[in-house]
>>> print(open('model06.txt').read())   # compact mmCIF, C-alpha atoms
# COMPACT_ATOMS: atom_id res chain seq x y z
CA MET H 71 0.00 0.00 0.00
CA GLU H 72 1.22 3.47 -0.81
CA PHE H 73 2.50 5.46 2.15
CA GLU H 74 0.11 8.19 3.18
CA PRO H 75 1.82 10.73 5.44
CA ARG H 76 0.15 12.18 8.47
CA ILE H 77 0.63 15.91 8.53
CA GLN H 78 -0.08 18.06 11.53
CA GLY H 79 -1.09 21.55 10.53
CA ILE H 80 -1.10 24.38 13.03
CA ALA H 81 -2.86 27.46 11.70
CA CYS H 82 -3.55 30.89 13.04
CA ASN H 83 -7.24 31.69 13.41
CA TRP H 84 -7.20 34.95 11.51
CA CYS H 85 -5.28 34.17 8.36
CA THR H 86 -4.31 30.62 7.55
CA TYR H 87 -7.33 28.96 9.14
CA THR H 88 -9.62 31.39 7.37
CA GLY H 89 -7.62 30.74 4.21
CA ALA H 90 -8.27 27.03 4.69
CA ASP H 91 -11.95 27.85 5.07
CA LEU H 92 -11.82 29.74 1.81
CA ALA H 93 -10.13 26.83 0.10
CA GLY H 94 -13.03 24.70 1.33
CA THR H 95 -15.84 27.05 0.33
CA THR H 96 -14.32 27.54 -3.11
CA LYS H 97 -14.20 23.73 -3.37
CA LEU H 98 -10.45 23.56 -4.01
CA LYS H 99 -8.92 20.15 -3.84
CA TYR H 100 -6.01 19.32 -1.56
CA PRO H 101 -4.74 16.07 -0.05
CA PRO H 102 -6.65 14.81 2.99
CA ASN H 103 -3.43 14.05 4.88
CA LEU H 104 -3.58 17.27 6.83
CA ARG H 105 -5.06 17.55 10.31
CA LEU H 106 -5.46 21.17 11.12
CA LEU H 107 -5.16 22.58 14.61
CA ARG H 108 -6.40 26.12 15.11
CA VAL H 109 -4.60 28.50 17.43
CA MET H 110 -5.38 32.15 17.92
CA CYS H 111 -1.99 33.34 16.70
CA SER H 112 1.15 31.75 15.32
CA SER H 113 2.96 33.12 18.38
CA ARG H 114 0.68 30.89 20.49
CA ILE H 115 2.62 27.93 19.13
CA ASN H 116 4.93 26.52 21.72
CA PRO H 117 7.86 24.81 19.98
CA SER H 118 7.17 21.84 22.23
CA PHE H 119 3.91 21.36 20.26
CA ILE H 120 6.02 20.58 17.24
CA ILE H 121 8.32 18.16 19.03
CA ARG H 122 5.25 16.51 20.56
CA ALA H 123 3.55 16.20 17.18
CA PHE H 124 6.59 14.39 15.82
CA GLN H 125 6.72 12.17 18.89
CA LEU H 126 3.08 11.23 18.49
CA GLY H 127 3.57 10.17 14.91
CA ALA H 128 3.28 13.18 12.62
CA ASP H 129 5.33 12.72 9.47
CA GLY H 130 5.40 16.44 8.86
CA VAL H 131 4.37 19.63 10.63
CA LEU H 132 3.05 22.62 8.73
CA VAL H 133 2.66 25.94 10.51
CA GLY H 134 0.62 28.72 8.99
CA GLY H 135 0.36 32.32 10.08
CA CYS H 136 -0.45 35.78 8.82
CA HIS H 137 2.05 37.54 6.61
CA PRO H 138 4.51 39.50 8.76
CA GLY H 139 3.00 42.92 9.25
CA ASP H 140 -0.57 41.61 8.99
CA CYS H 141 -0.82 39.99 12.41
CA HIS H 142 -4.26 40.44 13.97
CA TYR H 143 -2.51 41.26 17.23
CA GLY H 144 0.10 43.49 15.64
CA THR H 145 3.39 41.79 16.32
CA GLY H 146 2.64 38.11 17.11
CA ASN H 147 4.09 36.61 13.97
CA PHE H 148 7.31 38.61 14.26
CA TYR H 149 8.01 36.74 17.48
CA ALA H 150 6.78 33.50 15.94
CA ARG H 151 9.17 33.90 13.04
CA ARG H 152 12.18 33.98 15.36
CA ARG H 153 10.90 31.14 17.51
CA LEU H 154 10.05 28.85 14.65
CA ALA H 155 13.36 29.62 12.93
CA ILE H 156 15.31 28.48 15.98
CA THR H 157 12.96 25.49 16.39
CA LYS H 158 13.83 24.40 12.89
CA LYS H 159 17.54 24.62 13.65
CA ILE H 160 17.06 22.62 16.83
CA LEU H 161 15.11 19.90 15.03
CA ASP H 162 17.77 19.77 12.35
CA PHE H 163 20.65 19.53 14.81
CA ALA H 164 18.85 16.82 16.78
CA GLY H 165 18.68 14.77 13.59
CA MET H 166 15.18 15.37 12.23
CA GLU H 167 15.02 16.13 8.50
CA PRO H 168 14.35 19.88 8.42
CA GLU H 169 12.12 19.43 5.36
CA ARG H 170 9.51 17.84 7.59
CA PHE H 171 8.84 21.14 9.26
CA ARG H 172 7.57 24.03 7.24
CA VAL H 173 6.29 27.50 8.04
CA GLU H 174 4.17 29.42 5.56
CA TRP H 175 2.49 32.79 5.70
CA ILE H 176 -0.97 32.41 4.16
CA SER H 177 -3.54 35.18 4.39
CA ALA H 178 -7.32 34.79 4.67
CA SER H 179 -7.74 35.57 0.98
CA GLU H 180 -5.19 33.01 -0.18
CA GLY H 181 -7.34 29.89 -0.42
CA ASN H 182 -5.44 28.91 -3.56
CA ARG H 183 -2.12 29.32 -1.84
CA PHE H 184 -3.30 27.16 1.06
CA ALA H 185 -4.29 24.32 -1.27
CA GLU H 186 -1.01 24.68 -3.16
CA VAL H 187 1.13 24.61 -0.03
CA VAL H 188 -0.65 21.58 1.40
CA THR H 189 -0.35 19.69 -1.89
CA GLU H 190 3.31 20.55 -2.24
CA PHE H 191 4.17 19.76 1.39
CA THR H 192 2.29 16.46 1.31
CA GLY H 193 4.33 15.54 -1.75
CA THR H 194 7.60 16.42 -0.01
CA VAL H 195 6.76 14.39 3.08
CA LYS H 196 5.54 11.46 1.00
CA GLU H 197 8.90 11.35 -0.70
CA LEU H 198 10.73 11.50 2.65
CA GLY H 199 8.76 8.48 3.84
CA PRO H 200 7.54 7.70 7.34
CA GLN H 201 9.05 9.69 10.18
CA ASN H 202 10.58 7.29 12.68
CA THR H 203 13.10 9.61 14.29
CA PHE H 204 11.12 11.08 17.18
CA ARG H 205 8.12 8.76 16.95
CA ILE H 206 7.35 7.03 20.20
CA ASP H 207 6.75 3.31 20.11
CA ARG H 208 3.31 3.43 21.63
CA GLU H 209 3.29 -0.28 22.36
CA GLY H 210 6.09 0.43 24.81
CA ALA H 211 5.33 1.42 28.36
CA GLY H 212 5.49 4.82 29.93
CA CYS H 213 4.02 6.97 27.22
CA THR H 214 0.94 9.08 27.60
CA PRO H 215 -0.43 10.55 24.42
CA MET X 30 47.56 36.47 33.59
CA THR X 31 47.19 36.88 37.32
CA ASP X 32 47.52 33.54 39.09
CA ALA X 33 44.80 31.97 41.20
CA LYS X 34 46.54 32.59 44.54
CA THR X 35 46.79 36.34 43.90
CA ILE X 36 43.16 36.45 42.79
CA GLU X 37 42.16 34.63 45.98
CA LYS X 38 44.09 37.15 48.07
CA ARG X 39 42.49 40.10 46.33
CA LEU X 40 39.07 38.45 46.58
CA LYS X 41 39.51 38.24 50.34
CA GLU X 42 40.68 41.86 50.56
CA GLU X 43 37.68 43.08 48.64
CA ALA X 44 35.35 40.87 50.69
CA ILE X 45 36.73 42.36 53.92
CA ARG X 46 36.29 45.86 52.57
CA LEU X 47 32.75 45.31 51.27
CA LEU X 48 31.45 43.33 54.24
CA GLY X 49 33.27 45.55 56.73
CA SER X 50 31.72 48.72 55.39
CA GLY X 51 28.30 47.08 55.21
CA ALA X 52 28.08 47.77 51.49
CA VAL X 53 26.92 44.22 50.84
CA SER X 54 25.10 41.53 52.85
CA ALA X 55 27.09 38.68 51.38
CA VAL X 56 29.93 37.84 49.03
CA LEU X 57 29.11 35.02 46.63
CA ALA X 58 32.22 33.08 45.73
CA TRP X 59 33.71 29.66 46.47
CA THR X 60 34.92 27.77 49.50
CA ALA X 61 37.01 24.64 49.95
CA GLY X 62 35.21 21.34 49.43
CA TYR X 63 36.40 17.93 50.57
CA ASP X 64 39.44 18.29 48.37
CA GLU X 65 41.11 20.83 46.14
CA LYS X 66 39.19 19.60 43.10
CA HIS X 67 35.77 20.22 44.55
CA PRO X 68 35.37 23.82 45.70
CA MET X 69 31.80 24.64 46.65
CA PRO X 70 29.67 27.70 46.01
CA PHE X 71 29.71 29.78 49.14
CA ALA X 72 28.19 32.97 50.51
CA ALA X 73 30.38 34.79 53.01
CA ARG X 74 28.03 36.80 55.19
CA SER X 75 30.37 38.09 57.87
CA LEU X 76 34.00 39.03 58.31
CA ASP X 77 34.91 35.77 60.05
CA GLU X 78 33.69 33.82 57.02
CA VAL X 79 35.96 35.70 54.64
CA ASP X 80 38.88 33.43 55.47
CA ASP X 81 36.94 30.47 54.04
CA LEU X 82 36.85 31.99 50.56
CA VAL X 83 38.85 30.10 47.96
CA PHE X 84 39.77 30.56 44.36
CA ASN X 85 41.59 27.91 42.38
CA GLU X 86 41.47 26.44 38.92
CA TYR X 87 38.59 24.13 39.81
CA CYS X 88 36.25 27.01 40.72
CA THR X 89 34.07 26.47 37.67
CA ALA X 90 30.69 26.96 39.37
CA ASN X 91 28.81 29.89 37.91
CA MET X 92 27.89 32.11 40.84
CA ALA X 93 25.30 34.02 38.80
CA ARG X 94 23.13 30.97 39.49
CA TYR X 95 22.75 31.99 43.16
CA ILE X 96 21.80 35.65 42.80
CA GLY X 97 18.12 34.81 42.47
CA ASP X 98 18.12 32.84 45.73
CA TRP X 99 18.35 36.08 47.69
CA PRO X 100 15.38 38.34 48.40
CA ALA X 101 15.06 41.19 45.91
CA GLY X 102 16.97 44.24 47.03
CA THR X 103 19.69 42.36 48.91
CA LYS X 104 23.06 43.93 48.21
CA LEU X 105 25.41 41.24 46.99
CA ALA X 106 28.99 41.04 45.87
CA VAL X 107 29.42 38.33 43.26
CA ALA X 108 32.69 36.87 42.04
CA VAL X 109 32.34 36.49 38.29
CA LYS X 110 34.63 34.97 35.72
CA GLY X 111 34.28 35.97 32.07
CA VAL X 112 31.29 33.81 31.16
CA ASP X 113 29.69 34.27 34.59
CA SER X 114 29.57 38.01 34.02
CA ARG X 115 27.69 37.38 30.78
CA ALA X 116 25.18 35.31 32.76
CA VAL X 117 24.75 38.27 35.14
CA VAL X 118 24.15 40.53 32.14
CA VAL X 119 21.39 38.22 30.89
CA LEU X 120 19.82 38.14 34.36
CA ILE X 121 19.83 41.94 34.42
CA GLN X 122 18.34 42.09 30.91
CA GLU X 123 15.58 39.79 32.13
CA GLU X 124 15.04 41.83 35.27
CA LYS X 125 15.93 38.89 37.48
CA ALA X 126 18.77 40.87 38.98
CA CYS X 127 19.20 44.55 39.60
CA ARG X 128 22.46 46.22 38.60
CA GLU X 129 22.32 48.60 41.56
CA ASP X 130 22.19 45.71 44.04
CA LEU X 131 25.27 43.97 42.69
CA VAL X 132 28.96 44.56 43.20
CA LEU X 133 30.66 42.44 40.56
CA LEU X 134 34.16 41.22 41.37
CA GLY X 135 35.52 40.39 37.94
CA ILE X 136 38.02 37.57 37.59
CA PRO X 137 39.87 37.43 34.27
CA PHE X 138 41.08 33.86 34.23
CA ARG X 139 41.91 31.21 31.74
CA GLY X 140 42.93 27.67 32.55
CA LEU X 141 40.06 26.41 34.69
CA ARG X 142 39.94 22.66 34.95
CA ASN X 143 37.17 20.12 34.75
CA HIS X 144 36.99 18.43 38.15
CA LYS X 145 36.12 15.05 36.65
CA THR X 146 38.78 14.79 33.98
CA GLY X 147 41.33 17.38 35.08
CA ASP X 148 41.31 18.75 31.52
CA ILE X 149 41.72 22.44 30.92
CA ILE X 150 38.41 24.08 30.06
CA ASP X 151 38.97 26.06 26.89
CA GLU X 152 36.82 27.37 24.08
CA ARG X 153 36.00 23.81 23.04
CA THR X 154 33.76 23.21 26.03
CA THR X 155 32.80 26.69 27.09
CA ALA X 156 32.50 30.19 25.67
CA ALA X 157 35.73 31.94 24.81
CA THR X 158 35.10 34.87 27.17
CA ALA X 159 38.04 35.12 29.55
CA ASN X 160 37.58 38.77 30.56
CA PRO X 161 34.43 39.79 32.42
CA VAL X 162 32.19 41.97 30.24
CA LEU X 163 30.58 43.66 33.24
CA PHE X 164 32.34 44.29 36.55
CA ASP X 165 32.91 46.88 39.25
CA ILE X 166 36.27 45.70 40.53
CA LEU X 167 38.74 43.64 38.57
CA LEU X 168 40.70 41.15 40.69
CA GLY X 169 43.41 40.46 38.14
CA ASP X 170 44.97 41.79 34.96
CA GLU X 171 42.97 41.61 31.78
CA ILE X 172 43.87 38.79 29.46
CA THR X 173 45.07 40.01 26.11
CA GLU X 174 45.66 36.84 24.14
CA GLU X 175 42.94 36.12 21.59
CA PRO X 176 40.87 32.98 22.13
CA GLY X 177 39.89 30.59 19.35
CA SER X 178 36.36 30.33 18.04
CA PRO X 179 34.02 28.59 20.52
CA TYR X 180 32.13 27.01 17.63
CA ASP X 181 34.92 25.11 15.89
CA VAL X 182 34.16 22.09 18.01
CA LEU X 183 30.78 21.76 16.27
CA ALA X 184 32.27 21.07 12.84
CA GLU X 185 32.27 17.31 13.25
CA LEU X 186 28.61 17.08 14.26
CA GLU X 187 27.53 19.59 11.63
CA ALA X 188 29.23 17.57 8.93
CA MET X 189 27.31 14.42 9.89
CA GLY X 190 24.15 13.40 8.10
CA ASN X 191 20.87 13.77 9.99
CA ASP X 192 20.63 10.05 10.68
CA ASP X 193 24.09 9.89 12.21
CA ARG X 194 23.42 12.97 14.26
CA TRP X 195 20.19 11.47 15.52
CA SER X 196 22.00 8.25 16.53
CA PHE X 197 24.54 10.39 18.37
CA TRP X 198 21.96 12.39 20.29
CA LYS X 199 19.72 9.40 20.91
CA LYS X 200 22.61 7.54 22.47
CA GLU X 201 23.57 10.53 24.57
CA LEU X 202 20.07 11.56 25.67
CA ASP X 203 19.07 7.99 26.49
CA LYS X 204 21.73 8.07 29.21
CA CYS X 205 19.86 10.84 31.03
CA ILE X 206 18.63 9.82 34.46
CA ARG X 207 16.60 13.02 34.88
CA CYS X 208 18.39 14.20 37.99
CA TYR X 209 18.01 17.77 36.68
CA ALA X 210 21.54 18.68 37.69
CA CYS X 211 21.84 20.56 34.39
CA ARG X 212 18.85 22.65 35.29
CA LYS X 213 20.10 23.23 38.81
CA ALA X 214 23.56 24.33 37.68
CA CYS X 215 22.22 26.68 35.03
CA PRO X 216 22.07 30.38 35.90
CA MET X 217 19.32 30.87 33.31
CA CYS X 218 17.07 28.04 34.53
CA TYR X 219 15.13 29.94 37.16
CA CYS X 220 11.54 29.12 36.13
CA ASP X 221 9.30 28.04 38.95
CA PRO X 222 7.77 25.70 38.07
CA CYS X 223 9.88 24.35 35.24
CA PHE X 224 7.77 23.13 32.31
CA VAL X 225 8.92 19.59 32.97
CA ASP X 226 7.47 19.62 36.49
CA LEU X 227 4.01 20.57 35.27
CA THR X 228 1.33 17.92 35.32
CA ARG X 229 -1.29 19.85 33.38
CA PRO X 230 -0.27 19.76 30.63
CA ARG X 231 2.25 17.02 31.12
CA TRP X 232 4.83 17.96 28.54
CA ALA X 233 7.24 15.14 29.19
CA ASP X 234 7.26 11.86 31.03
CA LYS X 235 8.98 12.17 34.34
CA SER X 236 10.51 8.74 34.26
CA PRO X 237 13.80 8.59 32.37
CA ASN X 238 12.66 7.14 29.05
CA SER X 239 13.72 8.12 25.55
CA ALA X 240 10.63 10.16 24.71
CA GLY X 241 10.60 12.13 27.94
CA ASN X 242 14.33 12.77 27.80
CA LEU X 243 14.10 14.04 24.24
CA MET X 244 11.22 16.34 25.09
CA TYR X 245 12.94 17.67 28.20
CA HIS X 246 16.27 18.34 26.58
CA LEU X 247 15.04 19.74 23.26
CA THR X 248 12.65 22.07 25.05
CA ARG X 249 15.39 23.13 27.42
CA PHE X 250 17.69 23.88 24.48
CA TYR X 251 14.93 25.99 23.01
CA HIS X 252 14.21 27.77 26.30
CA LEU X 253 17.87 28.73 26.53
CA ALA X 254 18.09 29.95 22.94
CA GLY X 255 19.65 33.39 22.88
CA ARG X 256 20.10 33.29 26.66
CA CYS X 257 22.63 30.53 27.16
CA VAL X 258 26.04 32.10 27.71
CA ASP X 259 27.77 28.78 27.13
CA CYS X 260 29.41 28.51 30.55
CA GLY X 261 29.31 24.72 30.20
CA GLU X 262 28.24 24.11 33.79
CA CYS X 263 25.33 21.85 32.69
CA SER X 264 27.71 19.39 31.10
CA ARG X 265 30.11 19.43 34.04
CA ALA X 266 27.23 18.93 36.48
CA CYS X 267 25.89 16.00 34.47
CA PRO X 268 26.56 12.71 36.29
CA VAL X 269 26.34 10.70 33.07
CA ASP X 270 28.42 13.12 30.98
CA ILE X 271 25.95 14.09 28.28
CA PRO X 272 27.71 16.74 26.14
CA LEU X 273 24.86 19.23 26.46
CA TYR X 274 27.27 22.06 25.76
CA LEU X 275 27.48 20.96 22.12
CA PHE X 276 23.80 21.53 21.57
CA HIS X 277 23.83 24.79 23.49
CA LYS X 278 26.78 25.97 21.43
CA LYS X 279 24.94 25.13 18.24
CA VAL X 280 21.83 27.05 19.30
CA ALA X 281 23.96 30.00 20.41
CA LYS X 282 25.79 29.95 17.09
CA GLU X 283 22.53 29.93 15.13
CA CYS X 284 21.18 32.81 17.22
CA GLU X 285 24.32 34.77 16.56
CA GLU X 286 24.15 34.12 12.83
CA MET X 287 20.45 34.79 12.49
CA PHE X 288 20.01 37.73 14.83
CA ASN X 289 23.53 39.18 15.05
CA GLN X 290 23.53 39.19 18.81
CA THR X 291 25.56 37.21 21.30
CA ALA X 292 23.92 36.44 24.64
CA GLY X 293 25.01 38.55 27.58
CA MET X 294 27.47 40.85 25.85
CA ASN X 295 25.60 44.11 26.26
CA ILE X 296 23.40 45.13 29.16
CA ASP X 297 21.14 47.20 26.86
CA ASP X 298 20.29 44.32 24.50
CA LYS X 299 17.06 42.42 24.75
CA PRO X 300 17.34 38.62 24.61
CA VAL X 301 16.66 37.64 21.00
CA MET X 302 13.65 35.45 21.69
CA VAL X 303 11.65 38.22 23.37
CA ASP X 304 12.57 40.68 20.67
CA PHE X 305 12.08 40.98 16.93
CA ARG X 306 13.00 43.12 13.98
CA VAL X 307 10.45 43.92 11.31
CA GLU X 308 13.23 43.39 8.80
CA ASP X 309 14.02 39.84 10.00
CA SER X 310 14.12 37.79 6.83
CA ASP X 311 11.68 34.99 6.06
CA SER X 312 14.71 33.10 4.82
CA LEU X 313 15.39 32.30 8.49
CA LEU X 314 12.63 29.74 8.19
CA GLU X 315 14.19 27.87 5.29
>>> encode(input="model06.txt", output="structure tokens")
Amino acid sequence: MEFEPRIQGIACNWCTYTGADLAGTTKLKYPPNLRLLRVMCSSRINPSFIIRAFQLGADGVLVGGCHPGDCHYGTGNFYARRRLAITKKILDFAGMEPERFRVEWISASEGNRFAEVVTEFTGTVKELGPQNTFRIDREGAGCTP
Amino acid sequence: MTDAKTIEKRLKEEAIRLLGSGAVSAVLAWTAGYDEKHPMPFAARSLDEVDDLVFNEYCTANMARYIGDWPAGTKLAVAVKGVDSRAVVVLIQEEKACREDLVLLGIPFRGLRNHKTGDIIDERTTAATANPVLFDILLGDEITEEPGSPYDVLAELEAMGNDDRWSFWKKELDKCIRCYACRKACPMCYCDPCFVDLTRPRWADKSPNSAGNLMYHLTRFYHLAGRCVDCGECSRACPVDIPLYLFHKKVAKECEEMFNQTAGMNIDDKPVMVDFRVEDSDSLLE
């Protein structure tokens, strides 16, 4: 059977999530591998969320936020940009393929862009294959999801 | 370079002067442990305790770690080596210490030794800051010789493929027994409670298993991004010798490259993770 990646999306309420909504209402097609988590702002994303997602079996993590300068709260995504940049370096240095983690700025009007990014990212992760680096063997003891 | 004995003598003189005049409530420095290799952190609170102060090449403990243990407003004299002074700068930037309450006794010193191996601690295992960047009184002559780059040691790991690097870190982090000595030795780890002690949400398993260790250490590396001054105390405190300093060095290097700011070098800087520039490039995320 062909490998179908599991992708954890984390999207900001005001831009990317609304963009995803737009992609839906305009009936755009994108792969169903994405599970989208809505947060109020990309700066709400604790880098531990990303590590945890990989531990719990995500093959890729896609973070979406407003374009810098368009944050609903003014400056949230400027902070997020720095945080997520260093998170990527940490994941890379720990031995995770950095391609499995992607950050995109997608505005509420960019339904097309959302569908494009998800399609492209799903393709990338599919090529990389299953993520077994951080994944916890859930059969083993001592792990709470 | 001024030798350790002279520094110890001057440390005692300054301690007598500061405690005698009542300018400070305590002098944070080191005292003799059970042998020469194990000096202990020590707070001299009165003139008769001044004689117990010690400085030798094994005095690696970062005394910035203990500033926060005192009630706010306590006047303290703190003996700081080069990297320790950078830790004090970060604490002041984060408003965990107040410049007015501190008398910093700067110790320019190179040639500290690791108490476990006896090896000289140089820029390979710690930051290459031999001269204090912030001090009130200097207890020795400034060191003029140029240090090497503190990041050269990373070359080997950086050249590895991701799979090899993961095997390396997995092997190292799996050794962790979760004693939290790294956290306890770290001057920047002052959170109460630490994320790893929380039960709701429970970020990481508390038992020492691979998943919990990975979560604890990676999150700690992230929490210290742009704040770690690379004093290397975490690795020396570690009972199972995990080379945490390598990861901290890497994160510090990336912060320097991305945001052009080295932790604890300037008291007016803001730590990079609580700051931003509108002109930060999106290419950081690639």
>>> closest_atom_pairs(input="model06.txt", of="chain H", to="chain X", cutoff="10 Å", atoms="only C-alpha atoms", output="CSV")
residue,atom,partner,partner_atom,distance
H:Asn116,CA,X:Thr248,CA,9.5
H:Pro117,CA,X:Thr248,CA,7.5
H:Ser118,CA,X:Thr248,CA,6.2
H:Phe119,CA,X:Trp232,CA,9.0
H:Ile121,CA,X:Met244,CA,7.0
H:Arg122,CA,X:Met244,CA,7.5
H:Gln125,CA,X:Ala240,CA,7.3
H:Leu126,CA,X:Ala240,CA,9.8
H:His137,CA,X:Asp311,CA,10.0
H:Pro138,CA,X:Val307,CA,7.8
H:Gly139,CA,X:Val307,CA,7.8
H:Thr145,CA,X:Phe305,CA,8.7
H:Gly146,CA,X:Phe305,CA,9.9
H:Asn147,CA,X:Phe305,CA,9.6
H:Phe148,CA,X:Phe305,CA,6.0
H:Tyr149,CA,X:Phe305,CA,5.9
H:Ala150,CA,X:Met302,CA,9.2
H:Arg151,CA,X:Leu314,CA,7.3
H:Arg152,CA,X:Met302,CA,6.7
H:Arg153,CA,X:Met302,CA,6.6
H:Leu154,CA,X:Leu314,CA,7.0
H:Ala155,CA,X:Leu314,CA,4.8
H:Ile156,CA,X:Cys284,CA,7.4
H:Thr157,CA,X:Tyr251,CA,6.9
H:Lys158,CA,X:Leu314,CA,7.2
H:Lys159,CA,X:Glu283,CA,7.4
H:Ile160,CA,X:Val280,CA,7.0
H:Leu161,CA,X:Leu247,CA,8.2
H:Asp162,CA,X:Asn191,CA,7.2
H:Phe163,CA,X:Arg194,CA,7.1
H:Ala164,CA,X:Trp195,CA,5.7
H:Gly165,CA,X:Trp195,CA,4.1
H:Met166,CA,X:Asn191,CA,6.3
H:Glu167,CA,X:Asn191,CA,6.5
H:Pro168,CA,X:Glu315,CA,8.6
H:Glu169,CA,X:Glu315,CA,8.7
H:Phe171,CA,X:Leu314,CA,9.5
H:Arg172,CA,X:Leu314,CA,7.7
H:Val173,CA,X:Leu314,CA,6.7
H:Glu174,CA,X:Leu314,CA,8.9
H:Trp175,CA,X:Asp311,CA,9.5
H:Thr203,CA,X:Trp195,CA,7.4
H:Phe204,CA,X:Ala240,CA,7.6
H:Arg205,CA,X:Ala240,CA,8.3
H:Ile206,CA,X:Ala240,CA,6.4
H:Asp207,CA,X:Ala240,CA,9.1
H:Ala211,CA,X:Asn238,CA,9.3
H:Gly212,CA,X:Asp234,CA,7.3
H:Cys213,CA,X:Asp234,CA,7.0
H:Thr214,CA,X:Asp234,CA,7.7
H:Pro215,CA,X:Arg231,CA,9.7
>>> axis_aligned_box(input="model06.txt", around="segment 175-185 of chain X", padding_each_side="3 Å", output="JSON")
{"center_x": 36.9, "center_y": 26.7, "center_z": 17.5, "size_x": 18.2, "size_y": 24.8, "size_z": 15.3}
>>> residues_around(input="model06.txt", residues="Leu92 of chain H", least_positions_apart="6", cutoff="8 Å", atoms="all atoms listed in the file", output="JSON list (two decimals) with C-alpha atoms, in the coordinates of the input")
[["chain", "number", "residue", "atom", "x", "y", "z"],
["H", 178, "ALA", "CA", -7.32, 34.79, 4.67],
["H", 179, "SER", "CA", -7.74, 35.57, 0.98],
["H", 180, "GLU", "CA", -5.19, 33.01, -0.18],
["H", 181, "GLY", "CA", -7.34, 29.89, -0.42]]
>>> atom_distance(input="model06.txt", atom1="atom CA of Leu141 of chain X", atom2="atom CA of Pro70 of chain X")
15.4 Å
>>> residues_near_point(input="model06.txt", point="(0.5, 23.5, 2.7)", cutoff="9 Å", atoms="only C-alpha atoms", output="tab-separated table (two decimals) with C-alpha atoms, in the coordinates of the input")
chain	number	residue	atom	x	y	z
H	79	GLY	CA	-1.09	21.55	10.53
H	100	TYR	CA	-6.01	19.32	-1.56
H	104	LEU	CA	-3.58	17.27	6.83
H	132	LEU	CA	3.05	22.62	8.73
H	133	VAL	CA	2.66	25.94	10.51
H	134	GLY	CA	0.62	28.72	8.99
H	172	ARG	CA	7.57	24.03	7.24
H	173	VAL	CA	6.29	27.50	8.04
H	174	GLU	CA	4.17	29.42	5.56
H	183	ARG	CA	-2.12	29.32	-1.84
H	184	PHE	CA	-3.30	27.16	1.06
H	185	ALA	CA	-4.29	24.32	-1.27
H	186	GLU	CA	-1.01	24.68	-3.16
H	187	VAL	CA	1.13	24.61	-0.03
H	188	VAL	CA	-0.65	21.58	1.40
H	189	THR	CA	-0.35	19.69	-1.89
H	190	GLU	CA	3.31	20.55	-2.24
H	191	PHE	CA	4.17	19.76	1.39
H	192	THR	CA	2.29	16.46	1.31
>>> residues_near_point(input="model06.txt", point="(26.7, 41.6, 26.4)", cutoff="7 Å", atoms="only C-alpha atoms", output="list in words")
Arg115, Val118, Val162, Thr291, Ala292, Gly293, Met294, Asn295 and Ile296 of chain X
>>> residues_around(input="model06.txt", residues="segment 213-215 of chain X", least_positions_apart="5", cutoff="9 Å", atoms="all atoms listed in the file", output="VMD selection string")
chain X and resid 90 to 91 93 to 94 257 260 to 263 265 to 266
>>> atom_distance(input="model06.txt", atom1="atom CA of Thr31 of chain X", atom2="atom CA of Asp170 of chain X")
5.9 Å
>>> atom_distance(input="model06.txt", atom1="atom CA of Leu273 of chain X", atom2="atom CA of Val112 of chain X")
16.6 Å
>>> residues_around(input="model06.txt", residues="Cys88 of chain X", least_positions_apart="3", cutoff="8 Å", atoms="all atoms listed in the file", output="tab-separated table (two decimals) with C-alpha atoms, in the frame of the given file")
chain	number	residue	atom	x	y	z
X	59	TRP	CA	33.71	29.66	46.47
X	67	HIS	CA	35.77	20.22	44.55
X	68	PRO	CA	35.37	23.82	45.70
X	69	MET	CA	31.80	24.64	46.65
X	84	PHE	CA	39.77	30.56	44.36
X	85	ASN	CA	41.59	27.91	42.38
X	141	LEU	CA	40.06	26.41	34.69
>>> closest_residue(input="model06.txt", among="X:Ala188, X:Asp80, X:Pro176, X:Ala116", to="Pro161 of chain X", atoms="only C-alpha atoms")
X:Ala116
